[in-house]
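Report on the structure given below.
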Amino acid sequence: MTRLDGNIGYIEYTGFPEGNKSAQQILDATMNFVSNTNALIIDLRNNRGGDGKMVRLFLSYFFNERIKLSEIYTRYNNKTEEKYTFKKVNSKKYLDKPIYLLVNNNTISAAEALAYNLQKHKIATVIGDKTYGAANPVKAFFIGKKYHLFIPISIEKNTITNTNWEHTGIDADVKISSEKALVKAQIIALGNLLESNTKTELTENEIKEKILKLEEQL
């Protein structure tokens, strides 16, 4: 994590570790670090997923109140489970400020869940290539002593869309090669700072010059 020019927060999130106390503390500290930035870029490129509880905790930082995210139906036991954001988080929430998510084909599963929810709730702009397309929960099965097979056992339906991104992936709002996604996100973020007259450590002319230099990298 770092702060980019224009007081733009940047988080490179490469995986969602099991939601134990240590993992939660790291996420809380990360969100505290970026809490006073003017905009936030979350880099999910090459994030291959992980623990769903950590996704819900991360999402909880971007909603003013507890909301229902999805329903998960499991066929073999005919049960439906509802998933919600958490009522409280341990650092300041990141509300009413621009958020940009960087994705590519290696953005998978739990990482896609973060992007999908923020995109469909119109909280974040997704930038980059289409994601992998792994949405439904899976279970591991052992075949003999040789094979380890992961099979979807449930279907998850988002509250907004009543579907998910299984097999289709998530389309970026701003389509660009993932290698250039960070540069593009900075250009968009800086341009929005200019339009909104947001005060930063940079003057208006310095922001314009920064945008021109970044555009040369596209």
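Following the order of the structure tokens, first chain is A, next is B, and so on, with residues numbered from 1 inside each chain and ligands from 1 in the order they appear.
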Excluding Glu12 in chain A and its own-chain neighbours fewer than 4 positions away, which residues fall within 12 Å of it when counting only C-alpha atoms? Please give them as a PyMOL selection string. chain A and resi 1-3+16+27+30+40-47+100-103+111+182
Contact residues around Phe63 in chain A with only C-alpha atoms at 8 Å, ignoring same-chain residues under 4 positions, as a list in words: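 So the residues in contact are Leu59, Ile67, Lys93 and Leu95 of chain A.
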With only C-alpha atoms as the basis for distance, which of A:Val126, A:Ile207, A:Leu4, A:Ile143 is at the shortest distance from Glu195 in chain A? A:Ile207
From range 76-198 of chain A, collect each residue whose DSSP state is strand (DSSP E or B) and return the set as a PyMOL selection string. chain A and resi 79-84+99-103+125-128+138-143+147-152+154-158+174-175
Output for the residues just chosen: N, CA and C atoms as a short mmCIF file (atom, residue, chain, number, x, y, z; two decimals), in the first residue's frame:
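Output file again14.cif follows:
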data_model
loop_
_atom_site.label_atom_id
_atom_site.label_comp_id
_atom_site.auth_asym_id
_atom_site.auth_seq_id
_atom_site.Cartn_x
_atom_site.Cartn_y
_atom_site.Cartn_z
N LYS A 79 -30.41 -26.19 1.16
CA LYS A 79 -30.36 -25.07 2.09
C LYS A 79 -29.94 -23.79 1.37
N THR A 80 -30.47 -22.67 1.84
CA THR A 80 -30.11 -21.35 1.32
C THR A 80 -29.50 -20.52 2.44
N GLU A 81 -28.34 -19.97 2.17
CA GLU A 81 -27.63 -19.14 3.15
C GLU A 81 -27.52 -17.72 2.63
N GLU A 82 -27.83 -16.76 3.49
CA GLU A 82 -27.72 -15.35 3.11
C GLU A 82 -26.40 -14.77 3.60
N LYS A 83 -25.77 -13.98 2.74
CA LYS A 83 -24.49 -13.36 3.07
C LYS A 83 -24.66 -11.84 3.20
N TYR A 84 -24.16 -11.30 4.30
CA TYR A 84 -24.26 -9.87 4.59
C TYR A 84 -22.88 -9.27 4.85
N ILE A 99 -13.46 5.08 -6.19
CA ILE A 99 -12.72 3.82 -6.01
C ILE A 99 -12.55 3.18 -7.38
N TYR A 100 -11.35 2.69 -7.64
CA TYR A 100 -11.03 2.06 -8.92
C TYR A 100 -10.44 0.68 -8.66
N LEU A 101 -10.95 -0.33 -9.35
CA LEU A 101 -10.49 -1.70 -9.18
C LEU A 101 -9.77 -2.15 -10.45
N LEU A 102 -8.56 -2.66 -10.30
CA LEU A 102 -7.79 -3.15 -11.43
C LEU A 102 -7.93 -4.67 -11.50
N VAL A 103 -8.32 -5.19 -12.67
CA VAL A 103 -8.57 -6.63 -12.81
C VAL A 103 -7.96 -7.16 -14.10
N THR A 125 -15.32 1.78 -10.02
CA THR A 125 -15.12 1.62 -11.47
C THR A 125 -14.09 0.52 -11.68
N VAL A 126 -14.44 -0.48 -12.50
CA VAL A 126 -13.55 -1.61 -12.78
C VAL A 126 -12.76 -1.32 -14.05
N ILE A 127 -11.44 -1.47 -13.98
CA ILE A 127 -10.55 -1.12 -15.08
C ILE A 127 -9.65 -2.30 -15.41
N GLY A 128 -9.53 -2.64 -16.70
CA GLY A 128 -8.61 -3.69 -17.11
C GLY A 128 -9.23 -4.67 -18.07
N VAL A 138 -17.17 -24.16 -4.32
CA VAL A 138 -16.75 -25.51 -4.69
C VAL A 138 -16.35 -26.31 -3.46
N LYS A 139 -16.30 -27.61 -3.63
CA LYS A 139 -15.86 -28.51 -2.57
C LYS A 139 -14.83 -29.46 -3.15
N ALA A 140 -13.83 -29.80 -2.35
CA ALA A 140 -12.77 -30.70 -2.80
C ALA A 140 -13.17 -32.15 -2.58
N PHE A 141 -12.94 -32.97 -3.60
CA PHE A 141 -13.20 -34.41 -3.52
C PHE A 141 -11.92 -35.15 -3.90
N PHE A 142 -11.63 -36.22 -3.17
CA PHE A 142 -10.47 -37.05 -3.48
C PHE A 142 -10.92 -38.28 -4.24
N ILE A 143 -10.27 -38.56 -5.35
CA ILE A 143 -10.56 -39.75 -6.15
C ILE A 143 -9.38 -40.70 -6.02
N TYR A 147 -6.08 -38.24 -7.35
CA TYR A 147 -6.67 -37.03 -7.90
C TYR A 147 -7.37 -36.21 -6.82
N HIS A 148 -7.29 -34.90 -6.98
CA HIS A 148 -7.93 -33.94 -6.08
C HIS A 148 -8.82 -33.07 -6.96
N LEU A 149 -10.14 -33.28 -6.86
CA LEU A 149 -11.09 -32.65 -7.78
C LEU A 149 -11.94 -31.61 -7.06
N PHE A 150 -12.03 -30.41 -7.63
CA PHE A 150 -12.87 -29.36 -7.08
C PHE A 150 -14.13 -29.25 -7.92
N ILE A 151 -15.29 -29.42 -7.28
CA ILE A 151 -16.58 -29.41 -7.98
C ILE A 151 -17.51 -28.39 -7.34
N PRO A 152 -18.16 -27.55 -8.16
CA PRO A 152 -19.15 -26.62 -7.62
C PRO A 152 -20.31 -27.37 -6.97
N SER A 154 -22.73 -25.44 -5.04
CA SER A 154 -23.75 -24.44 -4.73
C SER A 154 -23.79 -23.39 -5.84
N ILE A 155 -24.83 -22.59 -5.79
CA ILE A 155 -24.92 -21.45 -6.71
C ILE A 155 -25.17 -20.19 -5.88
N GLU A 156 -24.41 -19.15 -6.18
CA GLU A 156 -24.54 -17.89 -5.47
C GLU A 156 -25.21 -16.86 -6.36
N LYS A 157 -26.24 -16.19 -5.82
CA LYS A 157 -26.95 -15.17 -6.57
C LYS A 157 -26.83 -13.81 -5.88
N ASN A 158 -26.29 -12.87 -6.61
CA ASN A 158 -26.12 -11.51 -6.10
C ASN A 158 -27.47 -10.83 -5.89
N VAL A 174 -13.94 0.17 -17.81
CA VAL A 174 -12.95 0.79 -18.69
C VAL A 174 -12.04 -0.33 -19.18
N LYS A 175 -12.20 -0.71 -20.44
CA LYS A 175 -11.45 -1.83 -20.99
C LYS A 175 -10.09 -1.37 -21.49
#
Among the residues of range 49-106 of chain A, find those DSSP assigns to helix (DSSP H, G or I) from the backbone and print them as a PyMOL selection string. chain A and resi 52-60
Output of the above residues as a PDB file, in the first residue's frame, restricted to C-alpha atoms:
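Printed below is out.pdb as written:
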ATOM      1  CA  GLY A  52     -15.136 -15.398   1.552  1.00  0.00           C
ATOM      2  CA  LYS A  53     -15.250 -13.971   5.069  1.00  0.00           C
ATOM      3  CA  MET A  54     -12.377 -11.639   4.224  1.00  0.00           C
ATOM      4  CA  VAL A  55     -14.244 -10.490   1.119  1.00  0.00           C
ATOM      5  CA  ARG A  56     -17.254  -9.546   3.242  1.00  0.00           C
ATOM      6  CA  LEU A  57     -15.025  -7.737   5.725  1.00  0.00           C
ATOM      7  CA  PHE A  58     -13.334  -5.794   2.935  1.00  0.00           C
ATOM      8  CA  LEU A  59     -16.709  -4.932   1.389  1.00  0.00           C
ATOM      9  CA  SER A  60     -17.990  -3.730   4.760  1.00  0.00           C
TER      10      SER A  60
END
Determine the nearest neighbour of Leu194 in chain A from the options A:Arg66, A:Arg75, A:Lys180, A:Lys210, counting only C-alpha atoms.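 Checking each of A:Arg66, A:Arg75, A:Lys180, A:Lys210 against Leu194 in chain A, counting only C-alpha atoms, the winner is A:Lys210.
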So which one's closest to Thr107 in chain A, A:Asn192, A:Asn64, A:Gln186, A:Ser178? Using only C-alpha atoms, please.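 So, comparing all the options, the nearest one is A:Ser178.
If you look at CA of Ala172 in chain A and CA of Tyr10 in chain A, they are 18.6 Å away from each other.
Of the listed residues (A:Thr85, A:Gly50, A:Ser70, A:Phe62), A:Phe62 comes nearest to Ala124 in chain A; the distances count only C-alpha atoms.
When only C-alpha atoms are used to compute distances to Ile72 in chain A, the closest of the residues A:Gly49, A:Thr159, A:Asp129, A:Thr198 turns out to be A:Thr159.
Between CA of Ile188 in chain A and CA of Glu216 in chain A there is a distance of 14.2 Å.
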Could you give me, as a ChimeraX atom specification, the residues within 12 Å of Glu204 in chain A, counting only C-alpha atoms and dropping anything in the same chain fewer than 2 positions from it? /A:6,190-202,206-211
Calculated over only C-alpha atoms, which of the candidates A:Lys87, A:Thr163, A:Leu218, A:Ala134 has the smallest distance to Arg48 in chain A?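 Closest candidate: A:Ala134.
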